[in-house]
file query25.pdb (PDB, C-alpha atoms, pLDDT in the B column)
ATOM      1  CA  ALA N1425      -7.779 -18.804 218.246  1.00 71.00           C
ATOM      2  CA  ALA N1426     -10.630 -16.330 217.668  1.00 72.00           C
ATOM      3  CA  PHE N1427     -12.908 -19.184 216.565  1.00 69.00           C
ATOM      4  CA  LEU N1428     -12.045 -21.149 219.695  1.00 71.00           C
ATOM      5  CA  LEU N1429     -12.775 -18.132 221.890  1.00 70.00           C
ATOM      6  CA  LEU N1430     -16.124 -17.599 220.135  1.00 69.00           C
ATOM      7  CA  TRP N1431     -17.020 -21.292 220.514  1.00 67.00           C
ATOM      8  CA  ALA N1432     -16.028 -21.280 224.223  1.00 71.00           C
ATOM      9  CA  THR N1433     -18.102 -18.159 224.874  1.00 68.00           C
ATOM     10  CA  ARG N1434     -21.150 -19.693 223.166  1.00 65.00           C
ATOM     11  CA  TRP N1435     -20.648 -22.976 225.059  1.00 65.00           C
ATOM     12  CA  TRP N1436     -20.450 -21.118 228.413  1.00 68.00           C
ATOM     13  CA  TYR N1437     -23.494 -18.958 227.599  1.00 65.00           C
ATOM     14  CA  THR N1438     -25.521 -21.997 226.491  1.00 67.00           C
ATOM     15  CA  ARG N1439     -24.705 -23.866 229.710  1.00 72.00           C
ATOM     16  CA  LYS N1440     -25.649 -20.830 231.783  1.00 73.00           C
ATOM     17  CA  ILE N1441     -28.988 -20.338 230.009  1.00 72.00           C
ATOM     18  CA  VAL N1442     -29.858 -24.061 230.051  1.00 77.00           C
ATOM     19  CA  ALA N1443     -29.088 -24.060 233.792  1.00 80.00           C
ATOM     20  CA  ALA N1444     -31.637 -21.239 234.089  1.00 78.00           C
ATOM     21  CA  LEU N1445     -34.175 -23.449 232.248  1.00 81.00           C
ATOM     22  CA  TRP N1446     -33.574 -26.314 234.707  1.00 82.00           C
ATOM     23  CA  LYS N1447     -33.941 -23.903 237.625  1.00 85.00           C
ATOM     24  CA  TRP N1448     -37.227 -22.593 236.226  1.00 84.00           C
ATOM     25  CA  LEU N1449     -38.529 -26.119 235.584  1.00 86.00           C
ATOM     26  CA  ASP N1450     -37.625 -26.988 239.194  1.00 88.00           C
ATOM     27  CA  HIS N1451     -39.899 -24.128 240.293  1.00 86.00           C
ATOM     28  CA  VAL N1452     -42.648 -25.340 237.957  1.00 87.00           C
ATOM     29  CA  GLN N1453     -42.248 -28.922 239.226  1.00 86.00           C
ATOM     30  CA  SER N1454     -42.631 -27.757 242.830  1.00 87.00           C
ATOM     31  CA  ALA N1455     -46.229 -26.766 241.940  1.00 86.00           C
ATOM     32  CA  ASP N1456     -45.838 -23.882 244.423  1.00 89.00           C
ATOM     33  CA  ALA N1457     -47.910 -21.202 242.679  1.00 90.00           C
ATOM     34  CA  GLY N1458     -46.845 -18.514 245.167  1.00 91.00           C
ATOM     35  CA  ALA N1459     -43.138 -19.132 244.548  1.00 91.00           C
ATOM     36  CA  VAL N1460     -43.601 -19.283 240.764  1.00 92.00           C
ATOM     37  CA  TYR N1461     -45.747 -16.145 240.821  1.00 93.00           C
ATOM     38  CA  GLY N1462     -43.028 -14.371 242.815  1.00 92.00           C
ATOM     39  CA  ARG N1463     -40.466 -15.116 240.079  1.00 91.00           C
ATOM     40  CA  LEU N1464     -42.622 -13.503 237.387  1.00 92.00           C
ATOM     41  CA  HIS N1465     -41.836 -10.026 236.113  1.00 92.00           C
ATOM     42  CA  PRO N1466     -44.261  -7.458 237.617  1.00 91.00           C
ATOM     43  CA  GLN N1467     -45.735  -6.725 234.163  1.00 88.00           C
ATOM     44  CA  LEU N1468     -46.454 -10.444 233.656  1.00 89.00           C
ATOM     45  CA  ARG N1469     -47.955 -10.790 237.144  1.00 90.00           C
ATOM     46  CA  ALA N1470     -50.675  -8.338 236.131  1.00 88.00           C
ATOM     47  CA  ASP N1471     -51.765 -10.795 233.398  1.00 89.00           C
ATOM     48  CA  VAL N1472     -51.487 -14.032 235.403  1.00 89.00           C
ATOM     49  CA  ASP N1473     -54.398 -15.332 237.449  1.00 87.00           C
ATOM     50  CA  GLN N1474     -53.039 -17.238 240.460  1.00 88.00           C
ATOM     51  CA  PRO N1475     -55.731 -19.992 240.564  1.00 87.00           C
ATOM     52  CA  ILE N1476     -55.112 -20.732 236.871  1.00 87.00           C
ATOM     53  CA  LEU N1477     -51.339 -20.708 237.455  1.00 90.00           C
ATOM     54  CA  ALA N1478     -51.805 -23.167 240.348  1.00 89.00           C
ATOM     55  CA  ALA N1479     -53.951 -25.414 238.132  1.00 88.00           C
ATOM     56  CA  PHE N1480     -51.351 -25.253 235.339  1.00 88.00           C
ATOM     57  CA  LEU N1481     -48.528 -26.224 237.716  1.00 90.00           C
ATOM     58  CA  GLU N1482     -50.494 -29.149 239.189  1.00 89.00           C
ATOM     59  CA  CYS N1483     -51.449 -30.301 235.702  1.00 87.00           C
ATOM     60  CA  VAL N1484     -47.839 -30.211 234.445  1.00 88.00           C
ATOM     61  CA  LYS N1485     -46.625 -32.091 237.521  1.00 90.00           C
ATOM     62  CA  ASP N1486     -49.358 -34.724 237.235  1.00 88.00           C
ATOM     63  CA  ARG N1487     -49.426 -35.201 233.458  1.00 87.00           C
ATOM     64  CA  LEU N1488     -45.684 -34.976 232.697  1.00 90.00           C
ATOM     65  CA  GLY N1489     -44.027 -36.180 235.891  1.00 90.00           C
ATOM     66  CA  LYS N1490     -40.487 -35.341 236.915  1.00 90.00           C
ATOM     67  CA  CYS N1491     -38.204 -33.414 234.585  1.00 89.00           C
ATOM     68  CA  GLU N1492     -35.387 -35.733 233.498  1.00 90.00           C
ATOM     69  CA  ARG N1493     -33.029 -32.825 232.643  1.00 83.00           C
ATOM     70  CA  GLU N1494     -32.436 -33.995 229.102  1.00 82.00           C
ATOM     71  CA  ALA N1495     -32.869 -31.416 226.349  1.00 81.00           C
ATOM     72  CA  GLN N1496     -32.741 -31.491 222.576  1.00 81.00           C
ATOM     73  CA  GLY N1497     -32.721 -28.677 220.042  1.00 79.00           C
ATOM     74  CA  VAL N1498     -31.750 -25.958 222.474  1.00 79.00           C
ATOM     75  CA  GLY N1499     -32.261 -22.512 221.003  1.00 75.00           C
ATOM     76  CA  LEU N1500     -31.151 -19.238 222.541  1.00 71.00           C
ATOM     77  CA  SER N1501     -32.024 -15.663 221.741  1.00 78.00           C
ATOM     78  CA  LEU N1502     -31.436 -12.222 223.166  1.00 76.00           C
ATOM     79  CA  SER N1503     -33.733  -9.292 222.560  1.00 79.00           C
ATOM     80  CA  LYS N1504     -33.960  -5.775 223.850  1.00 81.00           C
ATOM     81  CA  ALA N1505     -37.164  -4.509 225.430  1.00 76.00           C
ATOM     82  CA  GLU N1506     -38.300  -1.510 227.383  1.00 75.00           C
ATOM     83  CA  ILE N1507     -37.633  -3.407 230.615  1.00 72.00           C
ATOM     84  CA  GLY N1508     -34.112  -4.512 229.588  1.00 77.00           C
ATOM     85  CA  ASN N1509     -32.408  -7.421 227.842  1.00 83.00           C
ATOM     86  CA  ILE N1510     -34.553 -10.531 227.578  1.00 87.00           C
ATOM     87  CA  HIS N1511     -32.805 -13.901 227.355  1.00 84.00           C
ATOM     88  CA  THR N1512     -34.936 -16.702 225.929  1.00 88.00           C
ATOM     89  CA  VAL N1513     -34.203 -20.412 225.886  1.00 88.00           C
ATOM     90  CA  ARG N1514     -36.278 -22.975 223.989  1.00 89.00           C
ATOM     91  CA  ALA N1515     -35.805 -26.708 224.117  1.00 89.00           C
ATOM     92  CA  ARG N1516     -37.489 -30.047 223.764  1.00 90.00           C
ATOM     93  CA  VAL N1517     -37.305 -31.470 227.296  1.00 91.00           C
ATOM     94  CA  ARG N1518     -37.781 -35.050 228.489  1.00 91.00           C
ATOM     95  CA  PHE N1519     -40.070 -35.682 231.459  1.00 92.00           C
ATOM     96  CA  ALA N1520     -40.845 -39.011 233.121  1.00 93.00           C
ATOM     97  CA  LYS N1521     -44.089 -39.338 231.117  1.00 92.00           C
ATOM     98  CA  GLY N1522     -43.000 -37.877 227.783  1.00 90.00           C
ATOM     99  CA  TRP N1523     -41.438 -34.963 225.950  1.00 92.00           C
ATOM    100  CA  ALA N1524     -42.546 -31.330 226.031  1.00 91.00           C
ATOM    101  CA  LYS N1525     -41.563 -28.160 224.229  1.00 92.00           C
ATOM    102  CA  CYS N1526     -40.470 -25.636 226.828  1.00 91.00           C
ATOM    103  CA  GLU N1527     -39.567 -21.993 226.678  1.00 91.00           C
ATOM    104  CA  VAL N1528     -38.639 -19.462 229.309  1.00 90.00           C
ATOM    105  CA  ALA N1529     -37.782 -15.808 228.741  1.00 90.00           C
ATOM    106  CA  ALA N1530     -36.245 -13.760 231.527  1.00 87.00           C
ATOM    107  CA  CYS N1531     -35.075 -10.249 232.231  1.00 86.00           C
ATOM    108  CA  GLY N1532     -32.593 -10.487 235.078  1.00 83.00           C
ATOM    109  CA  ASP N1533     -34.127 -12.751 237.732  1.00 83.00           C
ATOM    110  CA  HIS N1534     -37.708 -12.218 236.557  1.00 88.00           C
ATOM    111  CA  VAL N1535     -39.523 -14.439 234.068  1.00 90.00           C
ATOM    112  CA  THR N1536     -41.284 -12.455 231.346  1.00 90.00           C
ATOM    113  CA  ALA N1537     -42.843 -15.401 229.463  1.00 90.00           C
ATOM    114  CA  PHE N1538     -42.905 -19.189 229.644  1.00 90.00           C
ATOM    115  CA  TYR N1539     -44.660 -22.272 228.375  1.00 87.00           C
ATOM    116  CA  VAL N1540     -44.571 -26.048 228.700  1.00 89.00           C
ATOM    117  CA  ARG N1541     -46.363 -27.900 225.883  1.00 87.00           C
ATOM    118  CA  PRO N1542     -46.466 -31.697 226.010  1.00 88.00           C
ATOM    119  CA  GLU N1543     -45.992 -33.411 222.665  1.00 86.00           C
ATOM    120  CA  LYS N1544     -48.509 -36.213 223.199  1.00 80.00           C
ATOM    121  CA  LEU N1545     -50.545 -35.312 226.259  1.00 68.00           C
ATOM    122  CA  THR N1546     -52.983 -32.486 226.652  1.00 72.00           C
ATOM    123  CA  LEU N1547     -53.004 -30.168 229.629  1.00 65.00           C
ATOM    124  CA  GLU N1548     -56.675 -30.044 230.586  1.00 71.00           C
ATOM    125  CA  LEU N1549     -56.646 -27.311 233.211  1.00 66.00           C
ATOM    126  CA  VAL N1550     -60.361 -27.458 233.869  1.00 65.00           C
ATOM    127  CA  HIS N1551     -59.834 -30.620 235.928  1.00 67.00           C
ATOM    128  CA  TYR N1552     -57.218 -28.919 238.107  1.00 74.00           C
ATOM    129  CA  VAL N1553     -58.902 -25.611 239.002  1.00 73.00           C
ATOM    130  CA  LYS N1554     -60.031 -25.744 242.615  1.00 75.00           C
ATOM    131  CA  PRO N1555     -63.854 -25.372 242.899  1.00 72.00           C
ATOM    132  CA  ASP N1556     -63.606 -22.557 245.436  1.00 75.00           C
ATOM    133  CA  ALA N1557     -60.852 -20.648 243.598  1.00 71.00           C
ATOM    134  CA  TYR N1558     -63.242 -17.961 242.367  1.00 72.00           C
ATOM    135  CA  GLU N1559     -65.940 -18.155 245.020  1.00 76.00           C
ATOM    136  CA  GLN N1560     -64.934 -14.959 246.839  1.00 74.00           C
ATOM    137  CA  ARG N1561     -64.515 -12.995 243.592  1.00 72.00           C
ATOM    138  CA  ALA N1562     -67.909 -14.186 242.350  1.00 74.00           C
ATOM    139  CA  GLU N1563     -69.589 -13.115 245.596  1.00 77.00           C
ATOM    140  CA  VAL N1564     -68.039  -9.629 245.352  1.00 76.00           C
ATOM    141  CA  LEU N1565     -69.021  -9.313 241.684  1.00 75.00           C
ATOM    142  CA  LEU N1566     -72.592 -10.439 242.362  1.00 78.00           C
ATOM    143  CA  GLY N1567     -72.814  -8.005 245.270  1.00 78.00           C
ATOM    144  CA  HIS N1568     -71.730  -5.146 243.008  1.00 73.00           C
ATOM    145  CA  MET N1569     -74.179  -6.233 240.334  1.00 75.00           C
ATOM    146  CA  LEU N1570     -77.021  -6.282 242.864  1.00 80.00           C
ATOM    147  CA  GLU N1571     -76.006  -2.791 243.972  1.00 78.00           C
ATOM    148  CA  LYS N1572     -76.021  -1.824 240.263  1.00 69.00           C
ATOM    149  CA  ARG N1573     -72.440  -0.593 240.427  1.00 60.00           C
ATOM    150  CA  ALA N1574     -71.576  -0.713 236.735  1.00 56.00           C
ATOM    151  CA  ASP N1575     -68.192   0.908 237.385  1.00 59.00           C
ATOM    152  CA  VAL N1576     -66.794  -2.327 238.834  1.00 53.00           C
ATOM    153  CA  VAL N1577     -68.398  -4.896 236.545  1.00 48.00           C
TER     154      VAL N1577
END

call {"tool": "encode", "arguments": {"input": "query25.pdb", "output": "structure tokens"}}
result
Amino acid sequence: AAFLLLWATRWWYTRKIVAALWKWLDHVQSADAGAVYGRLHPQLRADVDQPILAAFLECVKDRLGKCEREAQGVGLSLSKAEIGNIHTVRARVRFAKGWAKCEVAACGDHVTAFYVRPEKLTLELVHYVKPDAYEQRAEVLLGHMLEKRADVV
């Protein structure tokens, strides 16, 4: 009976975490950088550049196609961090145009880390970054450089 209870608990937990993976991949597939950025943990947001995130999402959508919601080799882990418990799910996921290794780690409703790595295709982000994505930042930086404001460079 104890074994059955343990198995049932693991089965329920696995389904719950895999459902979280599908939900996250739905966000990624939407290619809505603002919505994806909003789901990131505040500490991760500080390290994520929105134009690069937008390029990554467009690239994944274009190169992999729709997520087919089929997973193999699902792995789960739980770790403790300063921000709380982090639940991580890893799986090999089938997309319309091939398989990819995916991982998402979350603390509560916020994603703390993620990746999508195609097995056969490459994600060449340079082709997906919008030409004007850094125009305003470059103008500000050049203006500061011309004013010789080393404190902001």

call {"tool": "residues_around", "arguments": {"input": "query25.pdb", "residues": "Lys1485 (chain N)", "least_positions_apart": "2", "cutoff": "12 Å", "atoms": "only C-alpha atoms", "output": "count of residues only"}}
result
28

call {"tool": "closest_residue", "arguments": {"input": "query25.pdb", "among": "N:Ile1441, N:Val1564, N:Ala1495, N:Cys1531", "to": "Pro1466 (chain N)", "atoms": "all atoms listed in the file"}}
result
N:Cys1531

call {"tool": "atom_distance", "arguments": {"input": "query25.pdb", "atom1": "CA of Glu1563 (chain N)", "atom2": "CA of Val1472 (chain N)"}}
result
20.8 Å

call {"tool": "residues_near_point", "arguments": {"input": "query25.pdb", "point": "(-29.7, -23.1, 227.1)", "cutoff": "8 Å", "atoms": "all atoms listed in the file", "output": "ChimeraX atom specification"}}
result
/N:1437-1445,1498-1500,1513-1515

call {"tool": "write_last_selection", "arguments": {"input": "query25.pdb", "atoms": "C-alpha atoms", "output": "compact mmCIF listing (two decimals), in the coordinates of the input"}}
result
# COMPACT_ATOMS: atom_id res chain seq x y z
CA TYR N 1437 -23.49 -18.96 227.60
CA THR N 1438 -25.52 -22.00 226.49
CA ARG N 1439 -24.70 -23.87 229.71
CA LYS N 1440 -25.65 -20.83 231.78
CA ILE N 1441 -28.99 -20.34 230.01
CA VAL N 1442 -29.86 -24.06 230.05
CA ALA N 1443 -29.09 -24.06 233.79
CA ALA N 1444 -31.64 -21.24 234.09
CA LEU N 1445 -34.17 -23.45 232.25
CA VAL N 1498 -31.75 -25.96 222.47
CA GLY N 1499 -32.26 -22.51 221.00
CA LEU N 1500 -31.15 -19.24 222.54
CA VAL N 1513 -34.20 -20.41 225.89
CA ARG N 1514 -36.28 -22.98 223.99
CA ALA N 1515 -35.80 -26.71 224.12

call {"tool": "closest_residue", "arguments": {"input": "query25.pdb", "among": "N:Asp1533, N:Glu1492, N:Glu1559, N:Glu1571", "to": "Leu1464 (chain N)", "atoms": "only C-alpha atoms"}}
result
N:Asp1533

call {"tool": "resolve_selection", "arguments": {"input": "query25.pdb", "expression": "the PyMOL selection byres ((chain N and resi 1461) around 10)", "output": "compact mmCIF listing (two decimals) with C-alpha atoms, keeping the file's coordinate frame"}}
result
# COMPACT_ATOMS: atom_id res chain seq x y z
CA HIS N 1451 -39.90 -24.13 240.29
CA ASP N 1456 -45.84 -23.88 244.42
CA ALA N 1457 -47.91 -21.20 242.68
CA GLY N 1458 -46.84 -18.51 245.17
CA ALA N 1459 -43.14 -19.13 244.55
CA VAL N 1460 -43.60 -19.28 240.76
CA GLY N 1462 -43.03 -14.37 242.82
CA ARG N 1463 -40.47 -15.12 240.08
CA LEU N 1464 -42.62 -13.50 237.39
CA HIS N 1465 -41.84 -10.03 236.11
CA PRO N 1466 -44.26 -7.46 237.62
CA LEU N 1468 -46.45 -10.44 233.66
CA ARG N 1469 -47.96 -10.79 237.14
CA VAL N 1472 -51.49 -14.03 235.40
CA ASP N 1473 -54.40 -15.33 237.45
CA GLN N 1474 -53.04 -17.24 240.46
CA LEU N 1477 -51.34 -20.71 237.46
CA ALA N 1478 -51.80 -23.17 240.35
CA HIS N 1534 -37.71 -12.22 236.56
CA VAL N 1535 -39.52 -14.44 234.07

call {"tool": "closest_residue", "arguments": {"input": "query25.pdb", "among": "N:Ala1425, N:Ala1537, N:Ala1557, N:Leu1566", "to": "Ile1510 (chain N)", "atoms": "all atoms listed in the file"}}
result
N:Ala1537

call {"tool": "atom_distance", "arguments": {"input": "query25.pdb", "atom1": "CA of Trp1448 (chain N)", "atom2": "CA of Lys1554 (chain N)"}}
result
23.9 Å

call {"tool": "closest_residue", "arguments": {"input": "query25.pdb", "among": "N:Ala1524, N:Val1553, N:Val1484, N:Ala1470", "to": "Gly1497 (chain N)", "atoms": "all atoms listed in the file"}}
result
N:Ala1524

call {"tool": "closest_residue", "arguments": {"input": "query25.pdb", "among": "N:Arg1561, N:Lys1504, N:Lys1544, N:Arg1518", "to": "Trp1446 (chain N)", "atoms": "only C-alpha atoms"}}
result
N:Arg1518

call {"tool": "atom_distance", "arguments": {"input": "query25.pdb", "atom1": "CA of Ile1476 (chain N)", "atom2": "CA of Gln1496 (chain N)"}}
result
28.6 Å

call {"tool": "decode", "arguments": {"input": "query25.pdb", "residues": "region 1490-1521 of chain N", "atoms": "N, CA, C and O atoms", "output": "mmCIF file, in the first residue's frame"}}
result
data_model
loop_
_atom_site.group_PDB
_atom_site.id
_atom_site.type_symbol
_atom_site.label_atom_id
_atom_site.label_comp_id
_atom_site.auth_asym_id
_atom_site.auth_seq_id
_atom_site.Cartn_x
_atom_site.Cartn_y
_atom_site.Cartn_z
ATOM 1 N N LYS N 1490 5.150 24.019 -34.396
ATOM 2 C CA LYS N 1490 4.239 23.813 -33.268
ATOM 3 C C LYS N 1490 4.695 22.665 -32.376
ATOM 4 O O LYS N 1490 5.144 21.634 -32.853
ATOM 5 N N CYS N 1491 4.558 22.868 -31.076
ATOM 6 C CA CYS N 1491 4.859 21.816 -30.109
ATOM 7 C C CYS N 1491 3.776 20.745 -30.206
ATOM 8 O O CYS N 1491 2.590 21.036 -30.159
ATOM 9 N N GLU N 1492 4.195 19.503 -30.374
ATOM 10 C CA GLU N 1492 3.259 18.388 -30.539
ATOM 11 C C GLU N 1492 2.835 17.753 -29.209
ATOM 12 O O GLU N 1492 2.091 16.790 -29.196
ATOM 13 N N ARG N 1493 3.337 18.281 -28.104
ATOM 14 C CA ARG N 1493 2.995 17.794 -26.755
ATOM 15 C C ARG N 1493 3.279 16.307 -26.561
ATOM 16 O O ARG N 1493 2.513 15.581 -25.946
ATOM 17 N N GLU N 1494 4.404 15.880 -27.106
ATOM 18 C CA GLU N 1494 4.882 14.526 -26.865
ATOM 19 C C GLU N 1494 6.263 14.659 -26.234
ATOM 20 O O GLU N 1494 7.106 15.389 -26.747
ATOM 21 N N ALA N 1495 6.471 13.989 -25.110
ATOM 22 C CA ALA N 1495 7.739 14.110 -24.397
ATOM 23 C C ALA N 1495 8.316 12.733 -24.107
ATOM 24 O O ALA N 1495 7.589 11.774 -23.893
ATOM 25 N N GLN N 1496 9.634 12.674 -24.116
ATOM 26 C CA GLN N 1496 10.349 11.459 -23.756
ATOM 27 C C GLN N 1496 11.393 11.813 -22.708
ATOM 28 O O GLN N 1496 11.892 12.938 -22.675
ATOM 29 N N GLY N 1497 11.734 10.855 -21.872
ATOM 30 C CA GLY N 1497 12.804 11.039 -20.904
ATOM 31 C C GLY N 1497 12.571 12.188 -19.941
ATOM 32 O O GLY N 1497 13.474 12.974 -19.682
ATOM 33 N N VAL N 1498 11.372 12.285 -19.430
ATOM 34 C CA VAL N 1498 11.043 13.374 -18.516
ATOM 35 C C VAL N 1498 11.817 13.200 -17.210
ATOM 36 O O VAL N 1498 11.817 12.138 -16.609
ATOM 37 N N GLY N 1499 12.498 14.274 -16.818
ATOM 38 C CA GLY N 1499 13.228 14.268 -15.561
ATOM 39 C C GLY N 1499 12.750 15.416 -14.692
ATOM 40 O O GLY N 1499 12.479 16.506 -15.187
ATOM 41 N N LEU N 1500 12.622 15.166 -13.412
ATOM 42 C CA LEU N 1500 12.146 16.176 -12.478
ATOM 43 C C LEU N 1500 13.150 16.349 -11.356
ATOM 44 O O LEU N 1500 13.806 15.399 -10.950
ATOM 45 N N SER N 1501 13.266 17.572 -10.873
ATOM 46 C CA SER N 1501 14.115 17.790 -9.703
ATOM 47 C C SER N 1501 13.562 18.947 -8.889
ATOM 48 O O SER N 1501 12.840 19.802 -9.401
ATOM 49 N N LEU N 1502 13.902 18.942 -7.637
ATOM 50 C CA LEU N 1502 13.495 20.000 -6.711
ATOM 51 C C LEU N 1502 14.739 20.437 -5.970
ATOM 52 O O LEU N 1502 15.506 19.621 -5.478
ATOM 53 N N SER N 1503 14.962 21.748 -5.952
ATOM 54 C CA SER N 1503 16.110 22.270 -5.215
ATOM 55 C C SER N 1503 15.676 23.481 -4.405
ATOM 56 O O SER N 1503 14.687 24.136 -4.731
ATOM 57 N N LYS N 1504 16.425 23.733 -3.376
ATOM 58 C CA LYS N 1504 16.140 24.894 -2.533
ATOM 59 C C LYS N 1504 17.103 26.000 -2.914
ATOM 60 O O LYS N 1504 18.274 25.762 -3.165
ATOM 61 N N ALA N 1505 16.580 27.223 -2.962
ATOM 62 C CA ALA N 1505 17.396 28.391 -3.277
ATOM 63 C C ALA N 1505 16.985 29.517 -2.347
ATOM 64 O O ALA N 1505 15.996 29.407 -1.623
ATOM 65 N N GLU N 1506 17.721 30.580 -2.419
ATOM 66 C CA GLU N 1506 17.426 31.747 -1.592
ATOM 67 C C GLU N 1506 16.014 32.274 -1.841
ATOM 68 O O GLU N 1506 15.350 32.762 -0.943
ATOM 69 N N ILE N 1507 15.550 32.136 -3.074
ATOM 70 C CA ILE N 1507 14.230 32.664 -3.444
ATOM 71 C C ILE N 1507 13.101 31.688 -3.155
ATOM 72 O O ILE N 1507 11.932 32.042 -3.264
ATOM 73 N N GLY N 1508 13.423 30.439 -2.798
ATOM 74 C CA GLY N 1508 12.405 29.431 -2.502
ATOM 75 C C GLY N 1508 12.705 28.115 -3.191
ATOM 76 O O GLY N 1508 13.801 27.903 -3.693
ATOM 77 N N ASN N 1509 11.718 27.227 -3.218
ATOM 78 C CA ASN N 1509 11.874 25.928 -3.868
ATOM 79 C C ASN N 1509 11.797 26.101 -5.380
ATOM 80 O O ASN N 1509 10.898 26.768 -5.891
ATOM 81 N N ILE N 1510 12.735 25.483 -6.074
ATOM 82 C CA ILE N 1510 12.757 25.552 -7.532
ATOM 83 C C ILE N 1510 12.455 24.166 -8.083
ATOM 84 O O ILE N 1510 13.171 23.202 -7.792
ATOM 85 N N HIS N 1511 11.400 24.076 -8.869
ATOM 86 C CA HIS N 1511 10.996 22.837 -9.531
ATOM 87 C C HIS N 1511 11.507 22.893 -10.963
ATOM 88 O O HIS N 1511 11.263 23.868 -11.666
ATOM 89 N N THR N 1512 12.206 21.851 -11.382
ATOM 90 C CA THR N 1512 12.776 21.813 -12.724
ATOM 91 C C THR N 1512 12.267 20.579 -13.450
ATOM 92 O O THR N 1512 12.237 19.493 -12.890
ATOM 93 N N VAL N 1513 11.874 20.770 -14.691
ATOM 94 C CA VAL N 1513 11.474 19.649 -15.539
ATOM 95 C C VAL N 1513 12.313 19.705 -16.813
ATOM 96 O O VAL N 1513 12.525 20.769 -17.385
ATOM 97 N N ARG N 1514 12.827 18.545 -17.197
ATOM 98 C CA ARG N 1514 13.610 18.384 -18.422
ATOM 99 C C ARG N 1514 12.948 17.298 -19.248
ATOM 100 O O ARG N 1514 12.511 16.288 -18.694
ATOM 101 N N ALA N 1515 12.930 17.500 -20.552
ATOM 102 C CA ALA N 1515 12.350 16.474 -21.411
ATOM 103 C C ALA N 1515 12.822 16.667 -22.840
ATOM 104 O O ALA N 1515 13.220 17.761 -23.245
ATOM 105 N N ARG N 1516 12.746 15.621 -23.586
ATOM 106 C CA ARG N 1516 12.942 15.666 -25.032
ATOM 107 C C ARG N 1516 11.538 15.819 -25.598
ATOM 108 O O ARG N 1516 10.673 14.979 -25.364
ATOM 109 N N VAL N 1517 11.301 16.930 -26.321
ATOM 110 C CA VAL N 1517 9.955 17.283 -26.764
ATOM 111 C C VAL N 1517 9.889 17.288 -28.286
ATOM 112 O O VAL N 1517 10.789 17.788 -28.955
ATOM 113 N N ARG N 1518 8.774 16.749 -28.810
ATOM 114 C CA ARG N 1518 8.588 16.708 -30.266
ATOM 115 C C ARG N 1518 7.854 17.957 -30.732
ATOM 116 O O ARG N 1518 6.818 18.331 -30.194
ATOM 117 N N PHE N 1519 8.428 18.601 -31.747
ATOM 118 C CA PHE N 1519 7.809 19.739 -32.428
ATOM 119 C C PHE N 1519 7.499 19.308 -33.859
ATOM 120 O O PHE N 1519 7.951 18.255 -34.304
ATOM 121 N N ALA N 1520 6.745 20.110 -34.569
ATOM 122 C CA ALA N 1520 6.358 19.769 -35.940
ATOM 123 C C ALA N 1520 7.566 19.531 -36.845
ATOM 124 O O ALA N 1520 7.511 18.696 -37.750
ATOM 125 N N LYS N 1521 8.679 20.237 -36.583
ATOM 126 C CA LYS N 1521 9.853 20.139 -37.458
ATOM 127 C C LYS N 1521 11.028 19.404 -36.824
ATOM 128 O O LYS N 1521 12.144 19.484 -37.309
#
